[in-house]
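Source file: query_38.cif (mmCIF, C-alpha atoms and all ligand atoms)
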data_coords
loop_
_atom_site.group_PDB
_atom_site.id
_atom_site.type_symbol
_atom_site.label_atom_id
_atom_site.label_comp_id
_atom_site.auth_asym_id
_atom_site.auth_seq_id
_atom_site.Cartn_x
_atom_site.Cartn_y
_atom_site.Cartn_z
ATOM 1 C CA MET A 10 -35.070 -34.998 19.916
ATOM 2 C CA HIS A 11 -33.144 -33.514 17.022
ATOM 3 C CA ILE A 12 -34.906 -31.790 14.123
ATOM 4 C CA ASP A 13 -33.253 -30.630 10.893
ATOM 5 C CA ILE A 14 -35.323 -28.257 8.792
ATOM 6 C CA LEU A 15 -34.487 -27.825 5.100
ATOM 7 C CA THR A 16 -35.659 -24.528 3.664
ATOM 8 C CA ILE A 17 -34.629 -21.783 1.276
ATOM 9 C CA PHE A 18 -35.912 -19.232 3.843
ATOM 10 C CA PRO A 19 -34.211 -20.170 7.132
ATOM 11 C CA GLU A 20 -34.711 -16.643 8.458
ATOM 12 C CA MET A 21 -38.478 -17.248 8.498
ATOM 13 C CA PHE A 22 -37.905 -19.403 11.593
ATOM 14 C CA ASP A 23 -35.704 -16.883 13.430
ATOM 15 C CA ASN A 24 -38.301 -15.660 15.857
ATOM 16 C CA LEU A 25 -40.689 -18.589 15.904
ATOM 17 C CA PHE A 26 -38.382 -20.845 17.882
ATOM 18 C CA ARG A 27 -37.142 -18.236 20.345
ATOM 19 C CA HIS A 28 -40.194 -17.946 22.542
ATOM 20 C CA SER A 29 -42.335 -19.723 25.050
ATOM 21 C CA ILE A 30 -42.451 -23.536 25.053
ATOM 22 C CA ILE A 31 -40.020 -24.135 22.176
ATOM 23 C CA LYS A 32 -37.510 -21.752 23.723
ATOM 24 C CA ARG A 33 -37.796 -23.605 27.035
ATOM 25 C CA ALA A 34 -37.415 -26.997 25.366
ATOM 26 C CA ARG A 35 -34.261 -25.837 23.592
ATOM 27 C CA GLU A 36 -32.815 -24.316 26.768
ATOM 28 C CA LYS A 37 -33.437 -27.565 28.650
ATOM 29 C CA GLU A 38 -31.724 -29.336 25.732
ATOM 30 C CA LEU A 39 -34.749 -31.554 25.231
ATOM 31 C CA VAL A 40 -34.702 -30.573 21.579
ATOM 32 C CA THR A 41 -32.163 -29.249 19.094
ATOM 33 C CA ILE A 42 -33.333 -27.606 15.884
ATOM 34 C CA CYS A 43 -30.959 -26.954 12.964
ATOM 35 C CA LEU A 44 -31.873 -24.976 9.885
ATOM 36 C CA HIS A 45 -30.279 -25.812 6.532
ATOM 37 C CA ASN A 46 -30.525 -23.719 3.411
ATOM 38 C CA PHE A 47 -30.398 -26.277 0.617
ATOM 39 C CA ARG A 48 -29.519 -23.504 -1.801
ATOM 40 C CA ASP A 49 -26.012 -24.008 -0.388
ATOM 41 C CA TYR A 50 -26.041 -27.407 -2.122
ATOM 42 C CA ALA A 51 -26.941 -26.046 -5.569
ATOM 43 C CA THR A 52 -24.105 -26.691 -8.001
ATOM 44 C CA ASN A 53 -25.161 -24.401 -10.872
ATOM 45 C CA LYS A 54 -23.633 -20.985 -11.452
ATOM 46 C CA HIS A 55 -26.570 -18.995 -10.057
ATOM 47 C CA LYS A 56 -27.237 -21.324 -7.136
ATOM 48 C CA SER A 57 -30.784 -21.746 -8.358
ATOM 49 C CA VAL A 58 -32.943 -24.402 -6.727
ATOM 50 C CA ASP A 59 -35.905 -24.365 -9.107
ATOM 51 C CA ASP A 60 -36.511 -24.806 -12.821
ATOM 52 C CA TYR A 61 -39.325 -24.978 -15.393
ATOM 53 C CA PRO A 62 -41.552 -28.047 -15.314
ATOM 54 C CA TYR A 63 -41.068 -30.695 -18.007
ATOM 55 C CA GLY A 64 -44.209 -30.773 -20.124
ATOM 56 C CA GLY A 65 -44.834 -27.074 -19.610
ATOM 57 C CA GLY A 66 -47.382 -25.355 -17.421
ATOM 58 C CA ALA A 67 -47.336 -22.597 -14.847
ATOM 59 C CA GLY A 68 -44.979 -22.428 -11.897
ATOM 60 C CA MET A 69 -41.525 -23.674 -11.103
ATOM 61 C CA VAL A 70 -40.440 -26.997 -9.668
ATOM 62 C CA MET A 71 -37.801 -27.440 -6.990
ATOM 63 C CA MET A 72 -34.834 -29.370 -8.344
ATOM 64 C CA ALA A 73 -33.904 -32.751 -6.934
ATOM 65 C CA GLU A 74 -30.156 -32.314 -6.643
ATOM 66 C CA PRO A 75 -29.742 -29.601 -3.963
ATOM 67 C CA ILE A 76 -32.419 -31.188 -1.776
ATOM 68 C CA ILE A 77 -31.087 -34.718 -2.068
ATOM 69 C CA SER A 78 -27.466 -33.596 -1.570
ATOM 70 C CA CYS A 79 -28.472 -31.733 1.582
ATOM 71 C CA ILE A 80 -30.412 -34.738 2.911
ATOM 72 C CA GLU A 81 -27.535 -37.083 2.110
ATOM 73 C CA ALA A 82 -25.114 -34.826 3.973
ATOM 74 C CA LEU A 83 -27.368 -35.166 7.035
ATOM 75 C CA THR A 84 -28.123 -38.887 6.754
ATOM 76 C CA GLY A 85 -24.374 -39.517 6.418
ATOM 77 C CA LYS A 86 -23.968 -38.186 9.955
ATOM 78 C CA ARG A 87 -26.957 -39.639 11.815
ATOM 79 C CA SER A 88 -29.864 -41.931 11.184
ATOM 80 C CA TYR A 89 -33.342 -40.478 10.968
ATOM 81 C CA ASP A 90 -36.716 -41.869 11.965
ATOM 82 C CA ASP A 91 -38.471 -39.969 9.203
ATOM 83 C CA VAL A 92 -37.785 -37.525 6.389
ATOM 84 C CA ILE A 93 -40.998 -35.519 6.247
ATOM 85 C CA TYR A 94 -42.085 -33.385 3.312
ATOM 86 C CA LEU A 95 -44.626 -30.696 4.247
ATOM 87 C CA SER A 96 -47.144 -30.710 1.453
ATOM 88 C CA PRO A 97 -50.866 -30.156 0.947
ATOM 89 C CA ASP A 98 -50.916 -33.674 -0.600
ATOM 90 C CA GLY A 99 -49.763 -35.276 2.637
ATOM 91 C CA GLU A 100 -51.685 -37.058 5.385
ATOM 92 C CA LEU A 101 -53.576 -34.533 7.523
ATOM 93 C CA LEU A 102 -51.774 -33.666 10.751
ATOM 94 C CA THR A 103 -53.730 -34.888 13.773
ATOM 95 C CA GLN A 104 -53.012 -35.007 17.477
ATOM 96 C CA HIS A 105 -52.444 -38.741 17.082
ATOM 97 C CA THR A 106 -49.683 -38.133 14.512
ATOM 98 C CA ALA A 107 -48.122 -35.450 16.735
ATOM 99 C CA ASN A 108 -48.139 -37.897 19.669
ATOM 100 C CA LEU A 109 -46.352 -40.556 17.613
ATOM 101 C CA LEU A 110 -43.801 -38.132 16.170
ATOM 102 C CA SER A 111 -42.994 -36.746 19.638
ATOM 103 C CA LEU A 112 -41.526 -40.181 20.468
ATOM 104 C CA LYS A 113 -38.972 -40.016 17.636
ATOM 105 C CA GLN A 114 -35.290 -39.196 18.043
ATOM 106 C CA ASN A 115 -34.262 -37.576 14.746
ATOM 107 C CA LEU A 116 -36.435 -35.959 12.107
ATOM 108 C CA ILE A 117 -35.803 -34.095 8.861
ATOM 109 C CA LEU A 118 -38.496 -31.650 7.702
ATOM 110 C CA LEU A 119 -38.419 -30.483 4.092
ATOM 111 C CA CYS A 120 -40.182 -27.246 3.164
ATOM 112 C CA GLY A 121 -41.183 -26.937 -0.472
ATOM 113 C CA HIS A 122 -42.175 -23.932 -2.587
ATOM 114 C CA TYR A 123 -43.719 -23.081 -5.924
ATOM 115 C CA LYS A 124 -45.291 -26.105 -7.641
ATOM 116 C CA GLY A 125 -43.534 -28.522 -5.306
ATOM 117 C CA VAL A 126 -40.454 -30.704 -5.487
ATOM 118 C CA ASP A 127 -39.280 -32.927 -8.341
ATOM 119 C CA GLU A 128 -41.093 -36.250 -7.917
ATOM 120 C CA ARG A 129 -37.775 -38.085 -7.635
ATOM 121 C CA VAL A 130 -37.142 -36.420 -4.267
ATOM 122 C CA ARG A 131 -40.384 -37.908 -2.988
ATOM 123 C CA GLU A 132 -39.581 -41.306 -4.440
ATOM 124 C CA SER A 133 -36.053 -41.563 -3.168
ATOM 125 C CA VAL A 134 -35.696 -39.812 0.199
ATOM 126 C CA ILE A 135 -39.074 -38.799 1.621
ATOM 127 C CA THR A 136 -40.556 -41.294 4.071
ATOM 128 C CA ARG A 137 -43.683 -39.364 4.997
ATOM 129 C CA GLU A 138 -45.717 -36.396 3.732
ATOM 130 C CA ILE A 139 -47.749 -34.246 6.098
ATOM 131 C CA SER A 140 -50.312 -31.526 5.404
ATOM 132 C CA ILE A 141 -51.480 -29.137 8.123
ATOM 133 C CA GLY A 142 -54.852 -28.538 6.475
ATOM 134 C CA ASP A 143 -56.836 -28.546 3.276
ATOM 135 C CA TYR A 144 -55.553 -25.242 1.968
ATOM 136 C CA VAL A 145 -52.452 -24.247 0.068
ATOM 137 C CA LEU A 146 -49.750 -22.190 1.756
ATOM 138 C CA SER A 147 -47.109 -20.379 -0.247
ATOM 139 C CA GLY A 148 -44.437 -22.635 1.222
ATOM 140 C CA GLY A 149 -43.853 -25.393 3.725
ATOM 141 C CA GLU A 150 -42.177 -23.193 6.374
ATOM 142 C CA LEU A 151 -45.300 -22.250 8.319
ATOM 143 C CA ALA A 152 -46.473 -25.858 8.152
ATOM 144 C CA ALA A 153 -43.103 -27.049 9.487
ATOM 145 C CA ALA A 154 -43.338 -24.528 12.338
ATOM 146 C CA VAL A 155 -46.833 -25.787 13.200
ATOM 147 C CA LEU A 156 -45.613 -29.385 13.178
ATOM 148 C CA VAL A 157 -42.562 -28.575 15.325
ATOM 149 C CA ASP A 158 -44.729 -26.765 17.878
ATOM 150 C CA ALA A 159 -47.294 -29.580 18.021
ATOM 151 C CA ILE A 160 -44.559 -32.187 18.564
ATOM 152 C CA ILE A 161 -42.210 -30.404 20.952
ATOM 153 C CA ARG A 162 -44.800 -29.556 23.593
ATOM 154 C CA LEU A 163 -45.500 -33.292 23.918
ATOM 155 C CA ILE A 164 -41.905 -34.287 24.726
ATOM 156 C CA PRO A 165 -41.792 -35.309 28.404
ATOM 157 C CA GLY A 166 -40.293 -32.547 30.526
ATOM 158 C CA VAL A 167 -41.083 -29.732 28.090
ATOM 159 C CA LEU A 168 -44.316 -28.599 29.736
ATOM 160 C CA GLY A 169 -43.977 -27.756 33.410
ATOM 161 C CA ASP A 170 -47.129 -29.587 34.390
ATOM 162 C CA GLU A 171 -46.734 -33.080 32.944
ATOM 163 C CA THR A 172 -50.463 -33.632 32.749
ATOM 164 C CA SER A 173 -51.316 -30.498 30.853
ATOM 165 C CA ALA A 174 -50.555 -31.802 27.352
ATOM 166 C CA LEU A 175 -52.660 -34.853 28.092
ATOM 167 C CA SER A 176 -55.702 -32.738 28.892
ATOM 168 C CA ASP A 177 -55.469 -30.715 25.671
ATOM 169 C CA SER A 178 -58.281 -30.559 23.184
ATOM 170 C CA PHE A 179 -58.077 -33.606 20.868
ATOM 171 C CA GLN A 180 -56.015 -35.816 23.192
ATOM 172 C CA ASP A 181 -59.149 -37.920 23.624
ATOM 173 C CA ASN A 182 -60.905 -36.683 20.469
ATOM 174 C CA LEU A 183 -62.833 -34.148 22.558
ATOM 175 C CA LEU A 184 -62.591 -30.367 22.593
ATOM 176 C CA SER A 185 -61.517 -28.728 25.863
ATOM 177 C CA PRO A 186 -64.139 -27.565 28.371
ATOM 178 C CA PRO A 187 -64.533 -23.832 29.138
ATOM 179 C CA VAL A 188 -61.987 -22.409 31.581
ATOM 180 C CA TYR A 189 -62.164 -19.380 33.895
ATOM 181 C CA THR A 190 -59.811 -17.360 36.056
ATOM 182 C CA ARG A 191 -60.230 -14.384 38.379
ATOM 183 C CA PRO A 192 -62.248 -12.255 38.841
ATOM 184 C CA TYR A 193 -65.281 -14.324 39.840
ATOM 185 C CA GLU A 194 -67.564 -11.740 38.248
ATOM 186 C CA PHE A 195 -66.664 -9.940 35.042
ATOM 187 C CA ARG A 196 -69.132 -7.494 33.471
ATOM 188 C CA GLY A 197 -72.040 -9.252 35.089
ATOM 189 C CA LYS A 198 -70.955 -12.774 34.086
ATOM 190 C CA THR A 199 -69.978 -15.143 36.863
ATOM 191 C CA VAL A 200 -67.979 -18.372 36.985
ATOM 192 C CA PRO A 201 -70.052 -21.618 37.125
ATOM 193 C CA ASP A 202 -70.450 -22.411 40.832
ATOM 194 C CA ILE A 203 -69.366 -26.024 40.447
ATOM 195 C CA LEU A 204 -65.792 -24.786 39.820
ATOM 196 C CA LEU A 205 -65.764 -23.143 43.258
ATOM 197 C CA SER A 206 -67.282 -26.142 45.037
ATOM 198 C CA GLY A 207 -63.989 -27.851 45.855
ATOM 199 C CA HIS A 208 -65.446 -31.248 44.818
ATOM 200 C CA ASP A 209 -62.779 -32.595 42.473
ATOM 201 C CA LYS A 210 -64.801 -35.557 41.223
ATOM 202 C CA GLU A 211 -67.848 -33.442 40.389
ATOM 203 C CA ILE A 212 -65.680 -30.802 38.730
ATOM 204 C CA ALA A 213 -64.060 -33.510 36.564
ATOM 205 C CA GLN A 214 -67.515 -34.840 35.679
ATOM 206 C CA TRP A 215 -68.762 -31.324 34.772
ATOM 207 C CA ARG A 216 -65.707 -30.708 32.607
ATOM 208 C CA HIS A 217 -66.214 -33.978 30.793
ATOM 209 C CA GLU A 218 -69.866 -33.163 30.102
ATOM 210 C CA GLN A 219 -68.924 -29.697 28.863
ATOM 211 C CA SER A 220 -66.286 -31.244 26.574
ATOM 212 C CA LEU A 221 -68.811 -33.659 25.136
ATOM 213 C CA GLU A 222 -71.381 -30.914 24.659
ATOM 214 C CA ARG A 223 -68.894 -28.597 22.964
ATOM 215 C CA THR A 224 -67.629 -31.371 20.704
ATOM 216 C CA ARG A 225 -71.196 -32.383 19.765
ATOM 217 C CA LYS A 226 -72.001 -28.764 18.847
ATOM 218 C CA ARG A 227 -68.806 -27.713 17.113
ATOM 219 C CA ARG A 228 -67.058 -30.837 15.810
ATOM 220 C CA PRO A 229 -69.543 -33.735 15.824
ATOM 221 C CA GLY A 230 -67.306 -35.645 13.382
ATOM 222 C CA LEU A 231 -64.713 -36.115 16.143
ATOM 223 C CA LEU A 232 -67.174 -38.271 18.096
ATOM 224 C CA ASP A 233 -67.541 -40.651 15.129
ATOM 225 C CA ASP A 234 -63.758 -41.206 15.130
ATOM 226 C CA GLN A 235 -63.823 -42.724 18.656
HETATM 227 N N1 LIG A 301 -47.303 -26.468 1.836
HETATM 228 C C1 LIG A 301 -48.235 -25.755 1.199
HETATM 229 N N2 LIG A 301 -49.436 -25.935 1.737
HETATM 230 C C2 LIG A 301 -49.279 -26.820 2.761
HETATM 231 C C3 LIG A 301 -50.150 -27.417 3.693
HETATM 232 N N3 LIG A 301 -51.461 -27.170 3.702
HETATM 233 N N4 LIG A 301 -49.636 -28.262 4.594
HETATM 234 C C4 LIG A 301 -48.315 -28.542 4.578
HETATM 235 N N5 LIG A 301 -47.450 -28.019 3.734
HETATM 236 C C5 LIG A 301 -47.907 -27.155 2.815
#
Would you write the structure of this file as structure tokens?
Amino acid sequence: MHIDILTIFPEMFDNLFRHSIIKRAREKELVTICLHNFRDYATNKHKSVDDYPYGGGAGMVMMAEPIISCIEALTGKRSYDDVIYLSPDGELLTQHTANLLSLKQNLILLCGHYKGVDERVRESVITREISIGDYVLSGGELAAAVLVDAIIRLIPGVLGDETSALSDSFQDNLLSPPVYTRPYEFRGKTVPDILLSGHDKEIAQWRHEQSLERTRKRRPGLLDDQ
């Protein structure tokens, strides 16, 4: 998979993609991530990428030209499955969306700022808008990083144990069951005996029940979505 991220703060991603799973995926060349500062495509004297909104009001709006020029430079070189704008107005990111996006070859992610991007960017080049939650961030960069992380770990070969992404919380609309590691007893609390029984089928059954119970208690709405 190849991901191009358009941002005016490329350095915000410097460390995020250099660790753990994303680092491994890049080293194995299962994913390439390129950062593009669309300020480089601004044609005005001060290289500004934002301007006052027509009609007045607070906040600045990101100009269409630098963003569209940057996207056109990329789409001239390869074809993309989606050009995604990270925005609180977008469809809410779910595990299902992450699963679908992890099957794509080439993606562009656009990070906005201020009051958002000129509507003509959305009309002409954006194919999809994604929100990571019902709250407003100061820019799309953190949302893009969340999306990249959620997608990359699902690409076959990225996680060592192929089954582990499939047993994540949400893969089947259930939260994960409790997990334990050594020691058996910690400050008077012991590990449920079933996990030491060696009976794989019963352990799987216990985990499923725990998942259901946890989902019922914490996120009952997930059970309605089945
Ligand atoms: N940009 C600002 N807030 C956002 C959100 N909640 N999701 C995605 N992009 C955003």
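Among all protein and nucleic acid residues, the ones that lie within 9 Å of ligand LIG 301 (chain A) when counting all atoms listed in the file are Tyr94, Leu95, Ser96, Pro97, Asp98, Gly99, Leu101, Leu102, Cys120, Gly121, His122, Tyr123, Gly125, Glu138, Ile139, Ser140, Ile141, Gly142, Asp143, Tyr144, Val145, Leu146, Ser147, Gly148, Gly149, Glu150, Leu151, Ala152 and Ala153 of chain A.
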Please enumerate the residues selected by the PyMOL selection byres (((chain A and resi 182-186) around 7) and not hetatm) when evaluated against the supplied file, formatted as a ChimeraX atom specification. /A:177-181,187-188,216,219-221,223-224,231-232,235
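With distances taken over all atoms listed in the file, A:Ile17 is the one residue among A:Leu25, A:Ile17, A:Ile203, A:Leu118 lying closest to Ser57 of chain A.
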Compile the contact shell of His45 of chain A as a PyMOL selection string: residues with an atom at most 8 Å away, counting all atoms listed in the file, same-chain residues fewer than 3 positions apart removed. chain A and resi 13-17+19+79
Mind pulling up the distance from atom CA of Glu100 of chain A to atom CA of Ile161 of chain A? 19.4 Å
Could you list the residues chosen by the PyMOL selection byres (((chain A and resi 34) around 12) and not hetatm) in this structure as a PyMOL selection string? chain A and resi 10-11+26-33+35-42+157-158+160-169
Can I get the selected residues back with C-alpha atoms, as a short mmCIF file (atom, residue, chain, number, x, y, z; two decimals), in the frame of the given file?
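Produced file out_7.cif, reproduced below:
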data_model
loop_
_atom_site.label_atom_id
_atom_site.label_comp_id
_atom_site.auth_asym_id
_atom_site.auth_seq_id
_atom_site.Cartn_x
_atom_site.Cartn_y
_atom_site.Cartn_z
CA MET A 10 -35.07 -35.00 19.92
CA HIS A 11 -33.14 -33.51 17.02
CA PHE A 26 -38.38 -20.84 17.88
CA ARG A 27 -37.14 -18.24 20.34
CA HIS A 28 -40.19 -17.95 22.54
CA SER A 29 -42.34 -19.72 25.05
CA ILE A 30 -42.45 -23.54 25.05
CA ILE A 31 -40.02 -24.14 22.18
CA LYS A 32 -37.51 -21.75 23.72
CA ARG A 33 -37.80 -23.60 27.04
CA ARG A 35 -34.26 -25.84 23.59
CA GLU A 36 -32.82 -24.32 26.77
CA LYS A 37 -33.44 -27.56 28.65
CA GLU A 38 -31.72 -29.34 25.73
CA LEU A 39 -34.75 -31.55 25.23
CA VAL A 40 -34.70 -30.57 21.58
CA THR A 41 -32.16 -29.25 19.09
CA ILE A 42 -33.33 -27.61 15.88
CA VAL A 157 -42.56 -28.58 15.32
CA ASP A 158 -44.73 -26.76 17.88
CA ILE A 160 -44.56 -32.19 18.56
CA ILE A 161 -42.21 -30.40 20.95
CA ARG A 162 -44.80 -29.56 23.59
CA LEU A 163 -45.50 -33.29 23.92
CA ILE A 164 -41.90 -34.29 24.73
CA PRO A 165 -41.79 -35.31 28.40
CA GLY A 166 -40.29 -32.55 30.53
CA VAL A 167 -41.08 -29.73 28.09
CA LEU A 168 -44.32 -28.60 29.74
CA GLY A 169 -43.98 -27.76 33.41
#
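Here atom CA of Ala107 of chain A is placed at a distance of 7.5 Å from atom CA of Leu156 of chain A.
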Might you spell out which residues the PyMOL selection byres (((chain A and resi 62) around 12) and not hetatm) would select in the displayed file, as an MDAnalysis selection string? chainID A and resid 59:61 63:72 123:128
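Here atom CA of Ala73 of chain A stands at a distance of 16.3 Å from atom CA of Lys54 of chain A.
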Here is a test: counting all atoms listed in the file, which residue of A:His217, A:Arg137, A:His105, A:Lys198 is nearest to Asp234 of chain A? A:His105
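Comparing A:Ala159, A:Ile12, A:Pro201, A:Arg191 by their smallest distance to Asn115 of chain A, the closest is A:Ile12 (using all atoms listed in the file).
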